[in-house]
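Colleague: Structure supplied as input.cif; contents: mmCIF, C-alpha atoms and all ligand atoms.
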data_target
loop_
_atom_site.group_PDB
_atom_site.id
_atom_site.type_symbol
_atom_site.label_atom_id
_atom_site.label_comp_id
_atom_site.auth_asym_id
_atom_site.auth_seq_id
_atom_site.Cartn_x
_atom_site.Cartn_y
_atom_site.Cartn_z
ATOM 1 C CA MET Z 1374 -16.781 -24.580 -18.750
ATOM 2 C CA LYS Z 1375 -16.719 -21.507 -16.512
ATOM 3 C CA HIS Z 1376 -13.921 -19.026 -17.249
ATOM 4 C CA LYS Z 1377 -11.245 -19.108 -14.564
ATOM 5 C CA VAL Z 1378 -10.060 -15.705 -13.378
ATOM 6 C CA LYS Z 1379 -6.397 -15.460 -14.378
ATOM 7 C CA ILE Z 1380 -4.382 -13.808 -11.638
ATOM 8 C CA ALA Z 1381 -0.764 -12.671 -11.871
ATOM 9 C CA ILE Z 1382 1.379 -11.490 -8.973
ATOM 10 C CA PHE Z 1383 4.398 -9.262 -9.608
ATOM 11 C CA ASP Z 1384 6.881 -7.638 -7.275
ATOM 12 C CA LEU Z 1385 9.151 -4.618 -7.598
ATOM 13 C CA THR Z 1386 11.262 -3.077 -4.818
ATOM 14 C CA ASP Z 1387 9.850 -4.307 -1.518
ATOM 15 C CA CYS Z 1388 10.184 -6.947 1.176
ATOM 16 C CA GLU Z 1389 7.680 -9.399 -0.399
ATOM 17 C CA GLY Z 1390 5.638 -9.357 2.811
ATOM 18 C CA CYS Z 1391 2.393 -8.435 1.058
ATOM 19 C CA GLU Z 1392 2.482 -11.204 -1.533
ATOM 20 C CA LEU Z 1393 3.212 -13.681 1.240
ATOM 21 C CA GLN Z 1394 -0.238 -12.820 2.597
ATOM 22 C CA PHE Z 1395 -1.624 -14.921 -0.270
ATOM 23 C CA LEU Z 1396 -0.128 -17.890 1.561
ATOM 24 C CA ALA Z 1397 -2.179 -17.013 4.654
ATOM 25 C CA PHE Z 1398 -5.315 -18.189 2.868
ATOM 26 C CA VAL Z 1399 -3.668 -20.574 0.439
ATOM 27 C CA GLU Z 1400 -6.041 -23.389 1.386
ATOM 28 C CA LYS Z 1401 -9.006 -21.264 0.373
ATOM 29 C CA VAL Z 1402 -7.199 -20.304 -2.836
ATOM 30 C CA LEU Z 1403 -6.741 -24.017 -3.568
ATOM 31 C CA GLU Z 1404 -10.439 -24.598 -2.856
ATOM 32 C CA MET Z 1405 -11.203 -21.930 -5.462
ATOM 33 C CA ASP Z 1406 -9.202 -23.891 -8.022
ATOM 34 C CA ASP Z 1407 -12.144 -24.131 -10.403
ATOM 35 C CA GLN Z 1408 -12.626 -20.343 -10.261
ATOM 36 C CA LEU Z 1409 -9.144 -18.876 -10.363
ATOM 37 C CA GLU Z 1410 -5.756 -19.666 -11.773
ATOM 38 C CA ILE Z 1411 -2.530 -18.012 -10.676
ATOM 39 C CA THR Z 1412 -0.705 -17.891 -13.984
ATOM 40 C CA ASN Z 1413 2.284 -15.791 -12.957
ATOM 41 C CA TRP Z 1414 4.011 -15.632 -9.573
ATOM 42 C CA ARG Z 1415 7.805 -15.478 -9.553
ATOM 43 C CA LEU Z 1416 7.973 -16.327 -5.863
ATOM 44 C CA ALA Z 1417 5.940 -19.536 -6.032
ATOM 45 C CA LYS Z 1418 5.777 -20.816 -9.608
ATOM 46 C CA GLN Z 1419 8.402 -22.380 -11.832
ATOM 47 C CA LYS Z 1420 6.593 -21.600 -15.073
ATOM 48 C CA ASN Z 1421 5.119 -18.169 -15.628
ATOM 49 C CA VAL Z 1422 3.181 -16.855 -18.605
ATOM 50 C CA GLU Z 1423 3.367 -13.422 -20.179
ATOM 51 C CA GLY Z 1424 -0.366 -12.696 -20.155
ATOM 52 C CA PRO Z 1425 -3.008 -11.624 -20.775
ATOM 53 C CA PHE Z 1426 -4.223 -11.495 -17.179
ATOM 54 C CA ASP Z 1427 -7.621 -10.750 -15.692
ATOM 55 C CA VAL Z 1428 -6.103 -9.238 -12.562
ATOM 56 C CA ALA Z 1429 -2.470 -8.270 -11.967
ATOM 57 C CA PHE Z 1430 -1.395 -7.672 -8.386
ATOM 58 C CA ILE Z 1431 1.700 -5.474 -8.301
ATOM 59 C CA GLU Z 1432 3.632 -5.246 -5.048
ATOM 60 C CA GLY Z 1433 6.486 -2.860 -4.366
ATOM 61 C CA SER Z 1434 7.623 0.522 -5.626
ATOM 62 C CA PRO Z 1435 8.709 1.171 -9.196
ATOM 63 C CA LEU Z 1436 12.234 2.570 -8.942
ATOM 64 C CA THR Z 1437 14.084 2.147 -12.213
ATOM 65 C CA GLU Z 1438 13.188 2.867 -15.843
ATOM 66 C CA GLU Z 1439 12.926 -0.916 -16.308
ATOM 67 C CA ASP Z 1440 10.373 -1.119 -13.475
ATOM 68 C CA ILE Z 1441 8.327 1.660 -15.018
ATOM 69 C CA GLU Z 1442 8.389 -0.046 -18.434
ATOM 70 C CA LEU Z 1443 7.400 -3.327 -16.782
ATOM 71 C CA ILE Z 1444 4.349 -1.907 -15.000
ATOM 72 C CA LYS Z 1445 3.213 -0.219 -18.224
ATOM 73 C CA GLU Z 1446 3.481 -3.584 -20.000
ATOM 74 C CA ILE Z 1447 1.570 -5.325 -17.201
ATOM 75 C CA LYS Z 1448 -1.139 -2.673 -17.400
ATOM 76 C CA LYS Z 1449 -1.426 -3.205 -21.163
ATOM 77 C CA HIS Z 1450 -1.970 -6.938 -20.697
ATOM 78 C CA SER Z 1451 -4.312 -6.841 -17.678
ATOM 79 C CA LYS Z 1452 -8.007 -6.126 -17.353
ATOM 80 C CA ALA Z 1453 -7.427 -4.780 -13.833
ATOM 81 C CA VAL Z 1454 -4.379 -3.790 -11.794
ATOM 82 C CA VAL Z 1455 -4.233 -3.932 -8.005
ATOM 83 C CA ALA Z 1456 -1.588 -1.943 -6.112
ATOM 84 C CA LEU Z 1457 -0.718 -4.457 -3.401
ATOM 85 C CA GLY Z 1458 0.444 -2.880 -0.146
ATOM 86 C CA ASN Z 1459 1.865 0.459 0.876
ATOM 87 C CA CYS Z 1460 5.021 0.252 -1.267
ATOM 88 C CA ALA Z 1461 2.833 0.054 -4.391
ATOM 89 C CA SER Z 1462 0.013 2.332 -3.208
ATOM 90 C CA LEU Z 1463 1.972 5.044 -1.407
ATOM 91 C CA ALA Z 1464 5.646 4.451 -2.314
ATOM 92 C CA GLY Z 1465 5.896 3.032 1.236
ATOM 93 C CA ILE Z 1466 9.265 2.397 2.794
ATOM 94 C CA PRO Z 1467 11.295 2.888 -0.442
ATOM 95 C CA GLY Z 1468 9.736 6.364 -0.722
ATOM 96 C CA LEU Z 1469 10.206 7.436 2.879
ATOM 97 C CA ILE Z 1470 13.308 9.430 2.001
ATOM 98 C CA ASN Z 1471 13.356 11.311 -1.278
ATOM 99 C CA GLY Z 1472 15.182 14.189 -2.924
ATOM 100 C CA GLU Z 1473 18.224 15.833 -1.376
ATOM 101 C CA GLU Z 1474 18.046 13.804 1.800
ATOM 102 C CA ARG Z 1475 18.056 10.565 -0.213
ATOM 103 C CA GLU Z 1476 21.084 11.794 -2.144
ATOM 104 C CA ARG Z 1477 22.888 12.867 1.034
ATOM 105 C CA LEU Z 1478 22.301 9.555 2.781
ATOM 106 C CA ALA Z 1479 23.287 7.505 -0.279
ATOM 107 C CA LYS Z 1480 26.620 9.337 -0.501
ATOM 108 C CA LYS Z 1481 27.167 8.956 3.220
ATOM 109 C CA ILE Z 1482 26.606 5.202 3.013
ATOM 110 C CA TYR Z 1483 28.189 4.352 -0.375
ATOM 111 C CA GLY Z 1484 30.798 7.113 -0.654
ATOM 112 C CA PRO Z 1485 30.937 10.572 -2.269
ATOM 113 C CA ASN Z 1486 31.230 9.247 -5.848
ATOM 114 C CA TYR Z 1487 28.074 7.173 -5.631
ATOM 115 C CA LYS Z 1488 25.585 8.052 -8.362
ATOM 116 C CA LEU Z 1489 22.041 7.712 -7.133
ATOM 117 C CA ARG Z 1490 19.843 6.137 -9.825
ATOM 118 C CA VAL Z 1491 16.528 7.180 -8.336
ATOM 119 C CA ARG Z 1492 16.015 10.455 -6.507
ATOM 120 C CA GLU Z 1493 12.232 10.332 -6.115
ATOM 121 C CA VAL Z 1494 10.212 7.182 -5.481
ATOM 122 C CA ARG Z 1495 6.566 7.367 -6.549
ATOM 123 C CA PRO Z 1496 3.612 4.981 -6.174
ATOM 124 C CA LEU Z 1497 2.254 2.939 -9.108
ATOM 125 C CA SER Z 1498 -0.574 5.423 -9.665
ATOM 126 C CA HIS Z 1499 1.997 8.056 -10.637
ATOM 127 C CA TYR Z 1500 2.760 6.032 -13.789
ATOM 128 C CA ILE Z 1501 -0.337 3.951 -14.583
ATOM 129 C CA ASP Z 1502 -4.049 3.894 -13.794
ATOM 130 C CA VAL Z 1503 -4.568 1.604 -10.843
ATOM 131 C CA ASP Z 1504 -7.975 -0.069 -10.517
ATOM 132 C CA TYR Z 1505 -7.772 -1.103 -6.856
ATOM 133 C CA GLU Z 1506 -5.496 -0.174 -3.979
ATOM 134 C CA LEU Z 1507 -4.924 -2.445 -1.011
ATOM 135 C CA ARG Z 1508 -3.033 -0.590 1.670
ATOM 136 C CA GLY Z 1509 -1.105 -1.967 4.596
ATOM 137 C CA CYS Z 1510 2.433 -2.954 5.459
ATOM 138 C CA PRO Z 1511 1.676 -5.752 4.933
ATOM 139 C CA VAL Z 1512 -1.883 -5.865 3.594
ATOM 140 C CA THR Z 1513 -4.212 -7.800 5.873
ATOM 141 C CA GLU Z 1514 -5.244 -11.329 5.024
ATOM 142 C CA LYS Z 1515 -8.894 -10.285 5.494
ATOM 143 C CA GLU Z 1516 -8.821 -7.411 3.003
ATOM 144 C CA LEU Z 1517 -6.850 -9.441 0.459
ATOM 145 C CA GLU Z 1518 -9.249 -12.351 0.702
ATOM 146 C CA GLU Z 1519 -12.248 -10.021 0.398
ATOM 147 C CA LEU Z 1520 -10.809 -8.458 -2.746
ATOM 148 C CA VAL Z 1521 -9.906 -11.784 -4.361
ATOM 149 C CA SER Z 1522 -13.398 -13.182 -3.604
ATOM 150 C CA SER Z 1523 -15.081 -10.072 -5.029
ATOM 151 C CA LEU Z 1524 -12.982 -10.210 -8.179
ATOM 152 C CA ILE Z 1525 -13.882 -13.859 -8.697
ATOM 153 C CA SER Z 1526 -17.605 -13.390 -8.093
ATOM 154 C CA GLY Z 1527 -17.722 -10.187 -10.140
ATOM 155 C CA LYS Z 1528 -18.977 -8.257 -7.089
ATOM 156 C CA LYS Z 1529 -18.303 -4.531 -7.167
ATOM 157 C CA VAL Z 1530 -15.379 -3.587 -4.939
ATOM 158 C CA VAL Z 1531 -16.223 -0.472 -2.967
ATOM 159 C CA PRO Z 1532 -13.109 1.406 -1.801
ATOM 160 C CA LYS Z 1533 -12.923 2.253 1.891
ATOM 161 C CA THR Z 1534 -13.011 6.017 2.009
ATOM 162 C CA TYR Z 1535 -13.596 6.439 5.738
ATOM 163 C CA PRO Z 1536 -11.002 7.111 8.470
ATOM 164 C CA VAL Z 1537 -9.770 4.787 11.231
ATOM 165 C CA CYS Z 1538 -11.904 6.809 13.697
ATOM 166 C CA LEU Z 1539 -15.061 5.288 12.225
ATOM 167 C CA GLU Z 1540 -13.866 1.751 12.940
ATOM 168 C CA CYS Z 1541 -12.573 2.849 16.336
ATOM 169 C CA LYS Z 1542 -16.001 4.216 17.313
ATOM 170 C CA ALA Z 1543 -17.702 1.089 15.934
ATOM 171 C CA ASN Z 1544 -15.466 -0.921 18.284
ATOM 172 C CA GLY Z 1545 -16.688 1.212 21.191
ATOM 173 C CA ASN Z 1546 -13.255 2.562 22.123
ATOM 174 C CA PRO Z 1547 -12.933 5.754 24.155
ATOM 175 C CA CYS Z 1548 -10.960 8.298 22.115
ATOM 176 C CA LEU Z 1549 -7.292 8.556 23.093
ATOM 177 C CA PHE Z 1550 -7.479 12.347 22.807
ATOM 178 C CA LEU Z 1551 -9.794 12.286 25.856
ATOM 179 C CA GLU Z 1552 -6.814 10.918 27.796
ATOM 180 C CA ASN Z 1553 -4.642 13.614 26.252
ATOM 181 C CA LYS Z 1554 -2.861 11.079 24.038
ATOM 182 C CA ALA Z 1555 -2.043 11.599 20.367
ATOM 183 C CA CYS Z 1556 -3.641 9.641 17.517
ATOM 184 C CA LEU Z 1557 -3.718 9.987 13.723
ATOM 185 C CA GLY Z 1558 -6.913 7.967 13.269
ATOM 186 C CA ALA Z 1559 -8.916 10.968 12.062
ATOM 187 C CA VAL Z 1560 -6.744 11.482 8.967
ATOM 188 C CA THR Z 1561 -5.797 7.857 8.292
ATOM 189 C CA LYS Z 1562 -7.634 5.586 5.867
ATOM 190 C CA GLY Z 1563 -9.657 2.845 7.561
ATOM 191 C CA GLY Z 1564 -9.430 -0.849 6.792
ATOM 192 C CA CYS Z 1565 -7.430 -2.247 9.698
ATOM 193 C CA GLY Z 1566 -10.422 -2.359 12.065
ATOM 194 C CA ALA Z 1567 -8.754 0.324 14.249
ATOM 195 C CA LEU Z 1568 -6.192 -2.219 15.342
ATOM 196 C CA CYS Z 1569 -3.926 0.074 17.377
ATOM 197 C CA PRO Z 1570 -6.458 2.246 19.276
ATOM 198 C CA SER Z 1571 -8.422 -0.913 20.084
ATOM 199 C CA HIS Z 1572 -5.339 -1.986 22.061
ATOM 200 C CA GLY Z 1573 -4.746 1.392 23.645
ATOM 201 C CA HIS Z 1574 -2.055 2.529 21.206
ATOM 202 C CA ARG Z 1575 -2.169 5.532 18.940
ATOM 203 C CA CYS Z 1576 -2.790 5.133 15.223
ATOM 204 C CA TYR Z 1577 0.444 6.294 13.601
ATOM 205 C CA GLY Z 1578 -1.021 6.445 10.101
ATOM 206 C CA CYS Z 1579 0.353 3.282 8.518
ATOM 207 C CA LEU Z 1580 -2.520 2.960 5.990
ATOM 208 C CA GLY Z 1581 -1.813 6.432 4.642
ATOM 209 C CA PRO Z 1582 -4.116 9.411 4.441
ATOM 210 C CA VAL Z 1583 -7.854 9.148 3.981
ATOM 211 C CA ARG Z 1584 -9.252 11.322 1.197
ATOM 212 C CA GLU Z 1585 -10.598 14.723 2.224
ATOM 213 C CA ASN Z 1586 -8.590 14.740 5.433
ATOM 214 C CA ASN Z 1587 -8.290 17.904 7.469
ATOM 215 C CA THR Z 1588 -4.556 18.219 8.045
ATOM 216 C CA ASP Z 1589 -4.774 21.700 9.574
ATOM 217 C CA ALA Z 1590 -7.213 20.530 12.247
ATOM 218 C CA ILE Z 1591 -5.174 17.441 13.134
ATOM 219 C CA THR Z 1592 -1.937 19.469 13.235
ATOM 220 C CA ASN Z 1593 -3.548 21.903 15.673
ATOM 221 C CA ARG Z 1594 -5.094 19.161 17.817
ATOM 222 C CA LEU Z 1595 -1.865 17.158 17.914
ATOM 223 C CA SER Z 1596 0.150 20.282 18.732
ATOM 224 C CA GLU Z 1597 -2.094 20.947 21.730
ATOM 225 C CA THR Z 1598 -1.499 17.382 22.898
ATOM 226 C CA VAL Z 1599 2.173 16.672 22.187
ATOM 227 C CA GLY Z 1600 3.612 20.056 21.168
ATOM 228 C CA LYS Z 1601 4.208 21.418 17.672
ATOM 229 C CA ASP Z 1602 7.580 19.755 16.980
ATOM 230 C CA GLU Z 1603 6.333 16.305 17.937
ATOM 231 C CA ALA Z 1604 3.103 16.875 15.961
ATOM 232 C CA ILE Z 1605 5.132 17.692 12.845
ATOM 233 C CA ARG Z 1606 7.331 14.643 13.441
ATOM 234 C CA GLN Z 1607 4.314 12.343 13.739
ATOM 235 C CA LEU Z 1608 2.758 13.769 10.584
ATOM 236 C CA GLU Z 1609 5.967 13.164 8.635
ATOM 237 C CA ILE Z 1610 4.571 9.754 7.648
ATOM 238 C CA PHE Z 1611 2.277 11.676 5.278
ATOM 239 C CA VAL Z 1612 4.894 14.072 3.919
ATOM 240 C CA ASN Z 1613 5.576 13.660 0.159
ATOM 241 C CA ASN Z 1614 2.434 11.602 -0.049
ATOM 242 C CA PRO Z 1615 0.756 12.203 -3.425
ATOM 243 C CA MET Z 1616 -2.687 12.042 -1.846
ATOM 244 C CA MET Z 1617 -1.752 14.799 0.542
ATOM 245 C CA GLU Z 1618 -0.510 16.842 -2.415
ATOM 246 C CA GLU Z 1619 -3.876 16.450 -4.154
ATOM 247 C CA LYS Z 1620 -5.555 18.687 -1.590
HETATM 248 S S1 LIG Z 1701 4.084 -2.706 2.002
HETATM 249 FE FE1 LIG Z 1701 5.378 -3.392 3.699
HETATM 250 S S2 LIG Z 1701 5.029 -5.615 3.825
HETATM 251 FE FE2 LIG Z 1701 4.277 -4.925 1.811
HETATM 252 S S3 LIG Z 1701 6.003 -5.241 0.435
HETATM 253 FE FE3 LIG Z 1701 6.114 -3.111 1.159
HETATM 254 S S4 LIG Z 1701 7.484 -3.187 2.945
HETATM 255 FE FE4 LIG Z 1701 6.824 -5.274 2.532
HETATM 256 S S1 LIG Z 1702 -8.564 7.011 19.455
HETATM 257 FE FE1 LIG Z 1702 -7.795 7.669 17.471
HETATM 258 S S2 LIG Z 1702 -8.915 6.448 16.002
HETATM 259 FE FE2 LIG Z 1702 -10.033 6.314 17.939
HETATM 260 S S3 LIG Z 1702 -11.563 7.932 17.791
HETATM 261 FE FE3 LIG Z 1702 -9.782 8.805 18.834
HETATM 262 S S4 LIG Z 1702 -8.584 9.756 17.183
HETATM 263 FE FE4 LIG Z 1702 -10.039 8.359 16.223
HETATM 264 S S1 LIG Z 1703 -1.256 2.489 12.621
HETATM 265 FE FE1 LIG Z 1703 -3.394 3.103 12.290
HETATM 266 S S2 LIG Z 1703 -3.871 2.383 10.247
HETATM 267 FE FE2 LIG Z 1703 -2.023 1.287 10.923
HETATM 268 S S3 LIG Z 1703 -2.784 -0.613 11.871
HETATM 269 FE FE3 LIG Z 1703 -2.564 0.882 13.496
HETATM 270 S S4 LIG Z 1703 -4.600 1.812 13.655
HETATM 271 FE FE4 LIG Z 1703 -4.531 0.798 11.697
#
Spit out the file's structure as structure tokens when you get a sec.
Ligand code: SF4
Ligand code: SF4
Ligand code: SF4

Modeller:
Amino acid sequence: MKHKVKIAIFDLTDCEGCELQFLAFVEKVLEMDDQLEITNWRLAKQKNVEGPFDVAFIEGSPLTEEDIELIKEIKKHSKAVVALGNCASLAGIPGLINGEERERLAKKIYGPNYKLRVREVRPLSHYIDVDYELRGCPVTEKELEELVSSLISGKKVVPKTYPVCLECKANGNPCLFLENKACLGAVTKGGCGALCPSHGHRCYGCLGPVRENNTDAITNRLSETVGKDEAIRQLEIFVNNPMMEEK
């Protein structure tokens, strides 16, 4: 009998929106019943197993020591780990405010004696080797389905290393900069099919930075279009991003 690919889905600190994308193609998942088995999914299964797993999807940001221990355990028992969504791949919304500002806001909200447990939120890749990253907030049904199908068929998964601009040009869109409008497509990782510029809206960088991006050039170009302060504000989505720090 053919080996079924054992898939586990875990979540940390997040909104669970990315794992719900599995439900978007649940009928196809059910059709693939002879090829895959979801052995662990807190959200949808009553009985979960401890592993081993062929592929572990981890959604959300690791915040506490317990989270960090958990992801290390998952890694140990999985042949491959997928960072599912921006919270897992980029620290996402939980990591938007870090350091002193996080401390200041926590005290403002919970009172001056509040002891913040986590000052810096980091993506999964800060703690473990991640085999695949699926970005998005939430991830798209299309990309998730593509990845699951590739993992089942044993097809090599080629990461998308091109910017949104490439997809935007493939869609035949005129560039927003020609209309003197701002856009972060040139420094943002592709994968969404240039969703926003294809509807006349700027890309605001939700899939995070593309590798080998030219931040100086985009800062200058944005500054010419919207002014320096607004350019810096728009680029804040990439601030504290580990991939930006790699440069
Ligand atoms: S990436 Fe967005 S949709 Fe996915 S879990 Fe995080 S907050 Fe929710
Ligand atoms: S509109 Fe944005 S994504 Fe499209 S080509 Fe121009 S900069 Fe790139
Ligand atoms: S903000 Fe950019 S990366 Fe995000 S969906 Fe829109 S075009 Fe795609």

Colleague: Give me, as a PyMOL selection string, the set of residues whose atoms come within 7 Å of any atom of ligand LIG 1701 (chain Z), counting only C-alpha atoms and all ligand atoms.

Modeller: chain Z and resi 1387-1391+1432-1433+1458-1460+1465-1466+1509-1512

Colleague: Which residues of chain Z sit at most 6 Å from ligand LIG 1703 (chain Z), using all atoms listed in the file? Give each one's shortest atom pair and distance in Å (one decimal place), in chain and ascending residue order, as a Markdown table.

Modeller:
| residue | atom | partner | partner_atom | distance |
| --- | --- | --- | --- | --- |
| Z:Cys1565 | CA | Z:LIG1703 | FE4 | 4.7 |
| Z:Ala1567 | CA | Z:LIG1703 | S4 | 4.5 |
| Z:Leu1568 | CA | Z:LIG1703 | S4 | 4.7 |
| Z:Cys1569 | CA | Z:LIG1703 | S4 | 4.2 |
| Z:Pro1570 | CA | Z:LIG1703 | S4 | 5.9 |
| Z:Cys1576 | CA | Z:LIG1703 | FE1 | 3.6 |
| Z:Tyr1577 | CA | Z:LIG1703 | S1 | 4.3 |
| Z:Gly1578 | CA | Z:LIG1703 | FE1 | 4.6 |
| Z:Cys1579 | CA | Z:LIG1703 | FE2 | 3.9 |
| Z:Leu1580 | CA | Z:LIG1703 | S2 | 4.5 |

Colleague: Give me, as a Markdown table, each residue of chain Z that comes within 7 Å of ligand LIG 1702 (chain Z), together with its shortest interatomic pair and the distance in Å at one decimal, counting all atoms listed in the file, with rows ordered by chain and rising residue number.

Modeller:
| residue | atom | partner | partner_atom | distance |
| --- | --- | --- | --- | --- |
| Z:Val1537 | CA | Z:LIG1702 | S2 | 5.1 |
| Z:Cys1538 | CA | Z:LIG1702 | FE4 | 3.5 |
| Z:Cys1541 | CA | Z:LIG1702 | FE2 | 4.6 |
| Z:Lys1542 | CA | Z:LIG1702 | S3 | 5.8 |
| Z:Asn1546 | CA | Z:LIG1702 | FE2 | 6.5 |
| Z:Pro1547 | CA | Z:LIG1702 | S1 | 6.5 |
| Z:Cys1548 | CA | Z:LIG1702 | FE3 | 3.5 |
| Z:Leu1549 | CA | Z:LIG1702 | S1 | 4.2 |
| Z:Phe1550 | CA | Z:LIG1702 | FE3 | 5.8 |
| Z:Cys1556 | CA | Z:LIG1702 | FE1 | 4.6 |
| Z:Leu1557 | CA | Z:LIG1702 | S4 | 6.0 |
| Z:Gly1558 | CA | Z:LIG1702 | S2 | 3.7 |
| Z:Ala1559 | CA | Z:LIG1702 | FE4 | 5.0 |
| Z:Ala1567 | CA | Z:LIG1702 | S2 | 6.4 |
| Z:Pro1570 | CA | Z:LIG1702 | S1 | 5.2 |
| Z:Arg1575 | CA | Z:LIG1702 | FE1 | 6.2 |
| Z:Cys1576 | CA | Z:LIG1702 | FE1 | 6.0 |

Colleague: Work out how far apart CA of Ile1441 in chain Z and CA of Ile1382 in chain Z are and give it in Å to one decimal.

Modeller: 16.1 Å

Colleague: Spell out the residues picked by the PyMOL selection byres (((chain Z and resi 1423) around 10) and not hetatm) here, as JSON, numbers by chain.

Modeller: {"Z": [1381, 1412, 1413, 1421, 1422, 1424, 1425, 1426, 1446, 1447, 1450]}

Colleague: Would you compute the distance between CA of Leu1403 in chain Z and CA of Lys1528 in chain Z? Give it in Å to one decimal.

Modeller: 20.3 Å

Colleague: Hey, which of Z:Leu1393, Z:Val1560, Z:Ala1590, Z:Val1491 ends up closest to Ala1479 in chain Z? Count only C-alpha atoms.

Modeller: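 Among Z:Leu1393, Z:Val1560, Z:Ala1590, Z:Val1491, it is Z:Val1491 that comes nearest to Ala1479 in chain Z.
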
Colleague: Apply the PyMOL selection byres (((chain Z and resi 1455) around 10) and not hetatm) to the displayed file and report the matching residues as a ChimeraX atom specification.

Modeller: /Z:1382,1428-1432,1448,1453-1454,1456-1458,1461-1462,1497,1502-1507,1520

Colleague: What separation in Å, quoted to one decimal, exists between CA of Glu1404 in chain Z and CA of Gly1527 in chain Z?

Modeller: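 CA of Gly1527 in chain Z lies 17.7 Å from CA of Glu1404 in chain Z.
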
Colleague: So, counting only C-alpha atoms, which residue among Z:Leu1539, Z:Leu1443, Z:Leu1409, Z:Leu1385 is closest to Val1521 in chain Z?

Modeller: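 Nearest candidate to Val1521 in chain Z out of Z:Leu1539, Z:Leu1443, Z:Leu1409, Z:Leu1385: Z:Leu1409.
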
Colleague: In file coordinates, which residues lie within 10 Å of (-2.4, -14.2, 1.7) using all atoms listed in the file, given as a list in words?

Modeller: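 Residues with an atom close enough to that point: Gly1390, Cys1391, Glu1392, Leu1393, Gln1394, Phe1395, Leu1396, Ala1397, Phe1398, Val1399, Glu1400, Lys1401, Val1402, Pro1511, Val1512, Thr1513, Glu1514, Lys1515, Glu1516, Leu1517, Glu1518 and Val1521 of chain Z.
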
Colleague: Taking 3 positions as the minimum chain separation for residues in the same chain, which residues sit within 7 Å of range 1596-1611 of chain Z when counting all atoms listed in the file? Answer as a list in words.

Modeller: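 Using all atoms listed in the file, the neighbours found are Asn1553, Lys1554, Ala1555, Gly1578, Gly1581, Pro1582, Thr1592, Asn1593, Asn1614 and Met1617 of chain Z.
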
Colleague: Considering all atoms listed in the file, state which residue in the set Z:Gly1472, Z:Pro1496, Z:Pro1532, Z:Pro1485 is at the smallest distance from Gly1564 in chain Z.

Modeller: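 Among the listed residues, Z:Pro1532 lies closest to Gly1564 in chain Z.
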
Colleague: Which one is closest to Asp1440 in chain Z: Z:Leu1551, Z:Ile1501, Z:Ile1591, Z:Val1583? Count only C-alpha atoms.

Modeller: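 Of Z:Leu1551, Z:Ile1501, Z:Ile1591, Z:Val1583, the one nearest Asp1440 in chain Z, counting only C-alpha atoms, is Z:Ile1501.
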
Colleague: Out of Z:Pro1435, Z:Gly1545, Z:Gly1563, Z:Gly1573, which residue has the shortest atom-to-atom distance to Gly1468 in chain Z when counting only C-alpha atoms?

Modeller: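 Distance minimum relative to Gly1468 in chain Z lands on Z:Pro1435.
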
Colleague: Pick from Z:Arg1490, Z:Lys1377, Z:Lys1452, Z:His1574: nearest to Ile1525 in chain Z, with all atoms listed in the file counted?

Modeller: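 With all atoms listed in the file as the atom set, the closest residue is Z:Lys1377.
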
Colleague: Apply the PyMOL selection byres (((chain Z and resi 1584) around 8) and not hetatm) to the file shown and report the selected residues as a list in words.

Modeller: Thr1534, Tyr1535, Lys1562, Pro1582, Val1583, Glu1585, Asn1586 and Met1616 of chain Z
